[in-house]
Amino acid sequence: RCRAKGSSLDECTPMINIARALRLSALLLILISSNTLAQETLSELEQLRKSAEAGDSAAQFELGNRYLYGDGVVADDFEAARLFRQAAEQDENNAQYNLGVMLMQGKGVIADLPEAIEWFLKAANLGDAPAQFTMATLYANGQGVQQDPLLAHMWFTIAASGGHKAAAANVVLYQELMSDRQIVEAQRMATAWVEDFNEKRAMEDNAAAMRAGEQ
């Protein structure tokens, strides 16, 4: 429009300046928004650090995951393993499983299969389905433990009952290698484990409810 017949550059200048001003304003808004978001993210991360340092196992696990995947921080396998261990020692089953995987792979720590199995078993006994599936696989293959088809079937069954799809598929395939007697015994073991687990969970829930009522 500024170059149309009868127009002059001076007449166009105000429009150009306005357009530039609008673009500059939009850029400033983007920068301000980005800076605000960065500050909020930093604040969230600092709060997470404080909670983790105060001994909050959930915060230790979440912060460990951030270091493991480089989420908002520089990826650091050693720091991830350290935080997972802190949470694992407080019976955080997700951290126990992650620490077990890192110990098995030698990621951020010196590889140590026996210790990895200890953490997998702890997590499995706390109801962690991936850890239960891992224990089943270890017993099925005799990896780090003595091969035991009964325990393998038991852990496959327990993990499957917790919704682990791979465990559900494997328990069907694995029992093809077992005798009917072995299958019945493994199923009995799985049932006993689930009943014991549910009983312990109910007792813990009742105790927590009583403590809450006293406050």
# chains A, B, ... in the order shown; residues from 1 in each chain; ligands from 1
>>> closest_atom_pairs(of="stretch 49-153 of chain A", to="stretch 188-197 of chain A", cutoff="9 Å", atoms="only C-alpha atoms", output="Markdown table")
| residue | atom | partner | partner_atom | distance |
| --- | --- | --- | --- | --- |
| A:Asn125 | CA | A:Phe197 | CA | 7.9 |
| A:Leu126 | CA | A:Phe197 | CA | 8.1 |
| A:Gly127 | CA | A:Phe197 | CA | 8.0 |
| A:Leu150 | CA | A:Met189 | CA | 8.3 |
| A:Leu151 | CA | A:Met189 | CA | 8.2 |
| A:His153 | CA | A:Ala190 | CA | 8.4 |
>>> write_last_selection(atoms="all heavy atoms", output="PDB file, in the first residue's frame")
ATOM      1  N   ASN A 125       8.136 -58.179  46.984  1.00  0.00           N
ATOM      2  CA  ASN A 125       7.357 -58.466  48.197  1.00  0.00           C
ATOM      3  C   ASN A 125       6.525 -57.276  48.653  1.00  0.00           C
ATOM      4  O   ASN A 125       5.622 -57.427  49.481  1.00  0.00           O
ATOM      5  CB  ASN A 125       8.274 -58.932  49.328  1.00  0.00           C
ATOM      6  CG  ASN A 125       8.660 -60.399  49.183  1.00  0.00           C
ATOM      7  OD1 ASN A 125       7.836 -61.228  48.806  1.00  0.00           O
ATOM      8  ND2 ASN A 125       9.913 -60.709  49.460  1.00  0.00           N
ATOM      9  N   LEU A 126       6.815 -56.093  48.092  1.00  0.00           N
ATOM     10  CA  LEU A 126       5.995 -54.912  48.378  1.00  0.00           C
ATOM     11  C   LEU A 126       4.895 -54.734  47.327  1.00  0.00           C
ATOM     12  O   LEU A 126       4.172 -53.747  47.341  1.00  0.00           O
ATOM     13  CB  LEU A 126       6.871 -53.657  48.439  1.00  0.00           C
ATOM     14  CG  LEU A 126       7.749 -53.530  49.688  1.00  0.00           C
ATOM     15  CD1 LEU A 126       8.696 -52.334  49.562  1.00  0.00           C
ATOM     16  CD2 LEU A 126       6.903 -53.388  50.946  1.00  0.00           C
ATOM     17  N   GLY A 127       4.804 -55.693  46.398  1.00  0.00           N
ATOM     18  CA  GLY A 127       3.735 -55.648  45.409  1.00  0.00           C
ATOM     19  C   GLY A 127       4.099 -55.033  44.078  1.00  0.00           C
ATOM     20  O   GLY A 127       3.206 -54.737  43.273  1.00  0.00           O
ATOM     21  N   LEU A 150       9.000 -73.727  40.200  1.00  0.00           N
ATOM     22  CA  LEU A 150       7.872 -73.403  41.082  1.00  0.00           C
ATOM     23  C   LEU A 150       7.860 -71.914  41.426  1.00  0.00           C
ATOM     24  O   LEU A 150       6.821 -71.242  41.335  1.00  0.00           O
ATOM     25  CB  LEU A 150       7.933 -74.236  42.362  1.00  0.00           C
ATOM     26  CG  LEU A 150       7.773 -75.749  42.204  1.00  0.00           C
ATOM     27  CD1 LEU A 150       7.806 -76.428  43.565  1.00  0.00           C
ATOM     28  CD2 LEU A 150       6.470 -76.083  41.491  1.00  0.00           C
ATOM     29  N   LEU A 151       9.042 -71.394  41.812  1.00  0.00           N
ATOM     30  CA  LEU A 151       9.126 -69.968  42.148  1.00  0.00           C
ATOM     31  C   LEU A 151       8.935 -69.101  40.904  1.00  0.00           C
ATOM     32  O   LEU A 151       8.348 -68.019  40.983  1.00  0.00           O
ATOM     33  CB  LEU A 151      10.461 -69.660  42.816  1.00  0.00           C
ATOM     34  CG  LEU A 151      10.592 -70.123  44.274  1.00  0.00           C
ATOM     35  CD1 LEU A 151      12.019 -69.931  44.780  1.00  0.00           C
ATOM     36  CD2 LEU A 151       9.606 -69.368  45.164  1.00  0.00           C
ATOM     37  N   HIS A 153       7.051 -69.813  38.256  1.00  0.00           N
ATOM     38  CA  HIS A 153       5.610 -69.821  37.968  1.00  0.00           C
ATOM     39  C   HIS A 153       4.861 -68.984  38.995  1.00  0.00           C
ATOM     40  O   HIS A 153       3.938 -68.227  38.635  1.00  0.00           O
ATOM     41  CB  HIS A 153       5.092 -71.262  37.964  1.00  0.00           C
ATOM     42  CG  HIS A 153       3.684 -71.402  37.471  1.00  0.00           C
ATOM     43  ND1 HIS A 153       2.585 -71.024  38.230  1.00  0.00           N
ATOM     44  CD2 HIS A 153       3.193 -71.877  36.293  1.00  0.00           C
ATOM     45  CE1 HIS A 153       1.478 -71.272  37.543  1.00  0.00           C
ATOM     46  NE2 HIS A 153       1.813 -71.782  36.365  1.00  0.00           N
TER      47      HIS A 153
END
>>> residues_around(residues="A:Ala80", least_positions_apart="5", cutoff="7 Å", atoms="only C-alpha atoms", output="ChimeraX atom specification")
/A:64-65,67-68
>>> write_last_selection(atoms="C-alpha atoms", output="PDB file, in the first residue's frame")
ATOM      1  CA  GLY A  64      16.379 -39.719  40.894  1.00  0.00           C
ATOM      2  CA  ASN A  65      14.277 -40.169  37.772  1.00  0.00           C
ATOM      3  CA  TYR A  67      18.779 -37.300  36.939  1.00  0.00           C
ATOM      4  CA  LEU A  68      18.348 -40.635  35.193  1.00  0.00           C
TER       5      LEU A  68
END
>>> select_by_dssp(residues="stretch 68-98 of chain A", states="helix (DSSP H, G or I)", output="list in words")
Leu68, Tyr69, Asp77, Phe78, Glu79, Ala80, Ala81, Arg82, Leu83, Phe84, Arg85, Gln86, Ala87, Ala88, Asn93, Asn94, Ala95, Gln96, Tyr97 and Asn98 of chain A
>>> write_last_selection(atoms="N, CA, C and O atoms", output="compact mmCIF listing (two decimals), in the first residue's frame")
# COMPACT_ATOMS: atom_id res chain seq x y z
N LEU A 68 18.19 -39.49 36.07
CA LEU A 68 18.35 -40.63 35.19
C LEU A 68 18.05 -40.27 33.75
O LEU A 68 18.75 -40.69 32.82
N TYR A 69 17.01 -39.44 33.55
CA TYR A 69 16.57 -39.10 32.19
C TYR A 69 16.96 -37.68 31.76
O TYR A 69 16.63 -37.27 30.65
N ASP A 77 23.89 -40.53 36.08
CA ASP A 77 23.54 -41.87 36.55
C ASP A 77 23.98 -42.10 38.00
O ASP A 77 23.29 -42.80 38.76
N PHE A 78 25.12 -41.53 38.38
CA PHE A 78 25.62 -41.72 39.74
C PHE A 78 24.68 -41.07 40.76
O PHE A 78 24.37 -41.65 41.79
N GLU A 79 24.24 -39.86 40.45
CA GLU A 79 23.32 -39.16 41.35
C GLU A 79 21.97 -39.86 41.38
O GLU A 79 21.32 -39.95 42.43
N ALA A 80 21.53 -40.36 40.23
CA ALA A 80 20.26 -41.08 40.17
C ALA A 80 20.33 -42.31 41.07
O ALA A 80 19.41 -42.57 41.85
N ALA A 81 21.40 -43.07 40.97
CA ALA A 81 21.56 -44.28 41.78
C ALA A 81 21.61 -43.94 43.27
O ALA A 81 21.04 -44.66 44.10
N ARG A 82 22.28 -42.85 43.60
CA ARG A 82 22.37 -42.43 45.01
C ARG A 82 20.99 -42.10 45.58
O ARG A 82 20.64 -42.52 46.68
N LEU A 83 20.20 -41.37 44.81
CA LEU A 83 18.86 -41.00 45.26
C LEU A 83 17.93 -42.21 45.31
O LEU A 83 17.14 -42.35 46.24
N PHE A 84 18.05 -43.09 44.32
CA PHE A 84 17.24 -44.31 44.34
C PHE A 84 17.56 -45.15 45.58
O PHE A 84 16.66 -45.71 46.21
N ARG A 85 18.83 -45.22 45.93
CA ARG A 85 19.22 -46.01 47.10
C ARG A 85 18.62 -45.40 48.37
O ARG A 85 18.14 -46.13 49.25
N GLN A 86 18.67 -44.08 48.48
CA GLN A 86 18.08 -43.43 49.66
C GLN A 86 16.60 -43.76 49.79
O GLN A 86 16.11 -44.06 50.88
N ALA A 87 15.89 -43.69 48.67
CA ALA A 87 14.45 -43.99 48.68
C ALA A 87 14.20 -45.47 48.90
O ALA A 87 13.27 -45.86 49.61
N ALA A 88 15.03 -46.30 48.29
CA ALA A 88 14.87 -47.76 48.42
C ALA A 88 15.02 -48.21 49.86
O ALA A 88 14.32 -49.12 50.33
N ASN A 93 9.15 -48.94 46.74
CA ASN A 93 9.32 -50.08 45.84
C ASN A 93 9.77 -49.70 44.43
O ASN A 93 10.55 -50.42 43.81
N ASN A 94 9.31 -48.56 43.92
CA ASN A 94 9.74 -48.13 42.59
C ASN A 94 11.24 -47.85 42.56
O ASN A 94 11.92 -48.18 41.59
N ALA A 95 11.73 -47.24 43.63
CA ALA A 95 13.16 -46.96 43.71
C ALA A 95 13.95 -48.25 43.88
O ALA A 95 15.05 -48.39 43.32
N GLN A 96 13.41 -49.20 44.62
CA GLN A 96 14.07 -50.49 44.79
C GLN A 96 14.24 -51.19 43.45
O GLN A 96 15.29 -51.74 43.15
N TYR A 97 13.19 -51.14 42.65
CA TYR A 97 13.25 -51.77 41.33
C TYR A 97 14.27 -51.06 40.44
O TYR A 97 15.11 -51.70 39.80
N ASN A 98 14.23 -49.72 40.40
CA ASN A 98 15.16 -48.97 39.57
C ASN A 98 16.61 -49.20 40.00
O ASN A 98 17.50 -49.35 39.16
>>> residues_around(residues="A:Asn170", least_positions_apart="2", cutoff="9 Å", atoms="only C-alpha atoms", output="JSON, numbers by chain")
{"A": [153, 156, 157, 160, 165, 166, 167, 168, 172, 173, 174, 175]}
>>> write_last_selection(atoms="all heavy atoms", output="PDB file, in the first residue's frame")
ATOM      1  N   HIS A 153       7.051 -69.813  38.256  1.00  0.00           N
ATOM      2  CA  HIS A 153       5.610 -69.821  37.968  1.00  0.00           C
ATOM      3  C   HIS A 153       4.861 -68.984  38.995  1.00  0.00           C
ATOM      4  O   HIS A 153       3.938 -68.227  38.635  1.00  0.00           O
ATOM      5  CB  HIS A 153       5.092 -71.262  37.964  1.00  0.00           C
ATOM      6  CG  HIS A 153       3.684 -71.402  37.471  1.00  0.00           C
ATOM      7  ND1 HIS A 153       2.585 -71.024  38.230  1.00  0.00           N
ATOM      8  CD2 HIS A 153       3.193 -71.877  36.293  1.00  0.00           C
ATOM      9  CE1 HIS A 153       1.478 -71.272  37.543  1.00  0.00           C
ATOM     10  NE2 HIS A 153       1.813 -71.782  36.365  1.00  0.00           N
ATOM     11  N   PHE A 156       5.462 -65.299  38.201  1.00  0.00           N
ATOM     12  CA  PHE A 156       4.736 -64.952  36.971  1.00  0.00           C
ATOM     13  C   PHE A 156       3.243 -64.772  37.288  1.00  0.00           C
ATOM     14  O   PHE A 156       2.613 -63.817  36.828  1.00  0.00           O
ATOM     15  CB  PHE A 156       4.897 -66.046  35.908  1.00  0.00           C
ATOM     16  CG  PHE A 156       6.151 -65.962  35.094  1.00  0.00           C
ATOM     17  CD1 PHE A 156       6.876 -67.114  34.805  1.00  0.00           C
ATOM     18  CD2 PHE A 156       6.604 -64.747  34.577  1.00  0.00           C
ATOM     19  CE1 PHE A 156       8.033 -67.051  34.036  1.00  0.00           C
ATOM     20  CE2 PHE A 156       7.758 -64.671  33.815  1.00  0.00           C
ATOM     21  CZ  PHE A 156       8.480 -65.835  33.543  1.00  0.00           C
ATOM     22  N   THR A 157       2.706 -65.687  38.085  1.00  0.00           N
ATOM     23  CA  THR A 157       1.282 -65.657  38.429  1.00  0.00           C
ATOM     24  C   THR A 157       0.939 -64.419  39.244  1.00  0.00           C
ATOM     25  O   THR A 157      -0.068 -63.741  38.984  1.00  0.00           O
ATOM     26  CB  THR A 157       0.892 -66.919  39.227  1.00  0.00           C
ATOM     27  OG1 THR A 157       1.178 -68.082  38.438  1.00  0.00           O
ATOM     28  CG2 THR A 157      -0.587 -66.900  39.583  1.00  0.00           C
ATOM     29  N   ALA A 160       1.168 -61.333  37.085  1.00  0.00           N
ATOM     30  CA  ALA A 160       0.019 -61.306  36.178  1.00  0.00           C
ATOM     31  C   ALA A 160      -1.235 -60.832  36.903  1.00  0.00           C
ATOM     32  O   ALA A 160      -2.043 -60.080  36.341  1.00  0.00           O
ATOM     33  CB  ALA A 160      -0.211 -62.694  35.584  1.00  0.00           C
ATOM     34  N   LYS A 165       1.159 -57.613  31.774  1.00  0.00           N
ATOM     35  CA  LYS A 165       0.743 -58.364  30.591  1.00  0.00           C
ATOM     36  C   LYS A 165       1.775 -59.407  30.162  1.00  0.00           C
ATOM     37  O   LYS A 165       1.422 -60.523  29.774  1.00  0.00           O
ATOM     38  CB  LYS A 165       0.451 -57.406  29.437  1.00  0.00           C
ATOM     39  CG  LYS A 165      -0.765 -56.520  29.688  1.00  0.00           C
ATOM     40  CD  LYS A 165      -1.036 -55.605  28.494  1.00  0.00           C
ATOM     41  CE  LYS A 165      -2.259 -54.733  28.751  1.00  0.00           C
ATOM     42  NZ  LYS A 165      -2.532 -53.819  27.613  1.00  0.00           N
ATOM     43  N   ALA A 166       3.045 -59.049  30.217  1.00  0.00           N
ATOM     44  CA  ALA A 166       4.084 -60.000  29.815  1.00  0.00           C
ATOM     45  C   ALA A 166       4.101 -61.201  30.749  1.00  0.00           C
ATOM     46  O   ALA A 166       4.327 -62.336  30.317  1.00  0.00           O
ATOM     47  CB  ALA A 166       5.445 -59.316  29.800  1.00  0.00           C
ATOM     48  N   ALA A 167       3.850 -60.952  32.039  1.00  0.00           N
ATOM     49  CA  ALA A 167       3.802 -62.048  33.006  1.00  0.00           C
ATOM     50  C   ALA A 167       2.631 -62.973  32.706  1.00  0.00           C
ATOM     51  O   ALA A 167       2.755 -64.198  32.786  1.00  0.00           O
ATOM     52  CB  ALA A 167       3.690 -61.490  34.425  1.00  0.00           C
ATOM     53  N   ALA A 168       1.495 -62.397  32.350  1.00  0.00           N
ATOM     54  CA  ALA A 168       0.308 -63.199  32.029  1.00  0.00           C
ATOM     55  C   ALA A 168       0.571 -64.101  30.831  1.00  0.00           C
ATOM     56  O   ALA A 168       0.136 -65.261  30.801  1.00  0.00           O
ATOM     57  CB  ALA A 168      -0.875 -62.278  31.757  1.00  0.00           C
ATOM     58  N   VAL A 172       1.437 -68.720  30.987  1.00  0.00           N
ATOM     59  CA  VAL A 172       0.780 -69.720  30.131  1.00  0.00           C
ATOM     60  C   VAL A 172       1.823 -70.547  29.385  1.00  0.00           C
ATOM     61  O   VAL A 172       1.728 -71.783  29.301  1.00  0.00           O
ATOM     62  CB  VAL A 172      -0.176 -69.039  29.125  1.00  0.00           C
ATOM     63  CG1 VAL A 172      -0.746 -70.055  28.159  1.00  0.00           C
ATOM     64  CG2 VAL A 172      -1.296 -68.326  29.871  1.00  0.00           C
ATOM     65  N   LEU A 173       2.835 -69.885  28.858  1.00  0.00           N
ATOM     66  CA  LEU A 173       3.878 -70.577  28.108  1.00  0.00           C
ATOM     67  C   LEU A 173       4.754 -71.418  29.031  1.00  0.00           C
ATOM     68  O   LEU A 173       5.107 -72.564  28.695  1.00  0.00           O
ATOM     69  CB  LEU A 173       4.746 -69.558  27.360  1.00  0.00           C
ATOM     70  CG  LEU A 173       4.057 -68.747  26.263  1.00  0.00           C
ATOM     71  CD1 LEU A 173       4.993 -67.656  25.744  1.00  0.00           C
ATOM     72  CD2 LEU A 173       3.616 -69.664  25.119  1.00  0.00           C
ATOM     73  N   TYR A 174       5.076 -70.876  30.185  1.00  0.00           N
ATOM     74  CA  TYR A 174       6.025 -71.550  31.075  1.00  0.00           C
ATOM     75  C   TYR A 174       5.446 -72.827  31.664  1.00  0.00           C
ATOM     76  O   TYR A 174       6.166 -73.814  31.855  1.00  0.00           O
ATOM     77  CB  TYR A 174       6.444 -70.596  32.194  1.00  0.00           C
ATOM     78  CG  TYR A 174       7.607 -71.102  33.008  1.00  0.00           C
ATOM     79  CD1 TYR A 174       8.888 -71.151  32.453  1.00  0.00           C
ATOM     80  CD2 TYR A 174       7.440 -71.549  34.309  1.00  0.00           C
ATOM     81  CE1 TYR A 174       9.971 -71.625  33.180  1.00  0.00           C
ATOM     82  CE2 TYR A 174       8.512 -72.032  35.047  1.00  0.00           C
ATOM     83  CZ  TYR A 174       9.778 -72.067  34.475  1.00  0.00           C
ATOM     84  OH  TYR A 174      10.851 -72.545  35.195  1.00  0.00           O
ATOM     85  N   GLN A 175       4.146 -72.831  31.943  1.00  0.00           N
ATOM     86  CA  GLN A 175       3.571 -74.013  32.571  1.00  0.00           C
ATOM     87  C   GLN A 175       3.507 -75.202  31.607  1.00  0.00           C
ATOM     88  O   GLN A 175       3.285 -76.337  32.029  1.00  0.00           O
ATOM     89  CB  GLN A 175       2.193 -73.720  33.152  1.00  0.00           C
ATOM     90  CG  GLN A 175       1.120 -73.387  32.159  1.00  0.00           C
ATOM     91  CD  GLN A 175      -0.166 -72.962  32.862  1.00  0.00           C
ATOM     92  OE1 GLN A 175      -0.164 -72.594  34.036  1.00  0.00           O
ATOM     93  NE2 GLN A 175      -1.270 -73.026  32.143  1.00  0.00           N
TER      94      GLN A 175
END
>>> atom_distance(atom1="atom CA of A:Glu199", atom2="atom CA of A:Gln90")
21.1 Å
>>> atom_distance(atom1="atom CA of A:Ala207", atom2="atom CA of A:Glu89")
21.5 Å
>>> atom_distance(atom1="atom CA of A:Met154", atom2="atom CA of A:Arg201")
19.6 Å
>>> closest_residue(among="A:Glu118, A:Asp76, A:Glu92, A:Glu44", to="A:Phe61", atoms="only C-alpha atoms")
A:Glu92
>>> closest_residue(among="A:Lys122, A:Asp128, A:Ala169, A:Ile117", to="A:Val145", atoms="only C-alpha atoms")
A:Ile117
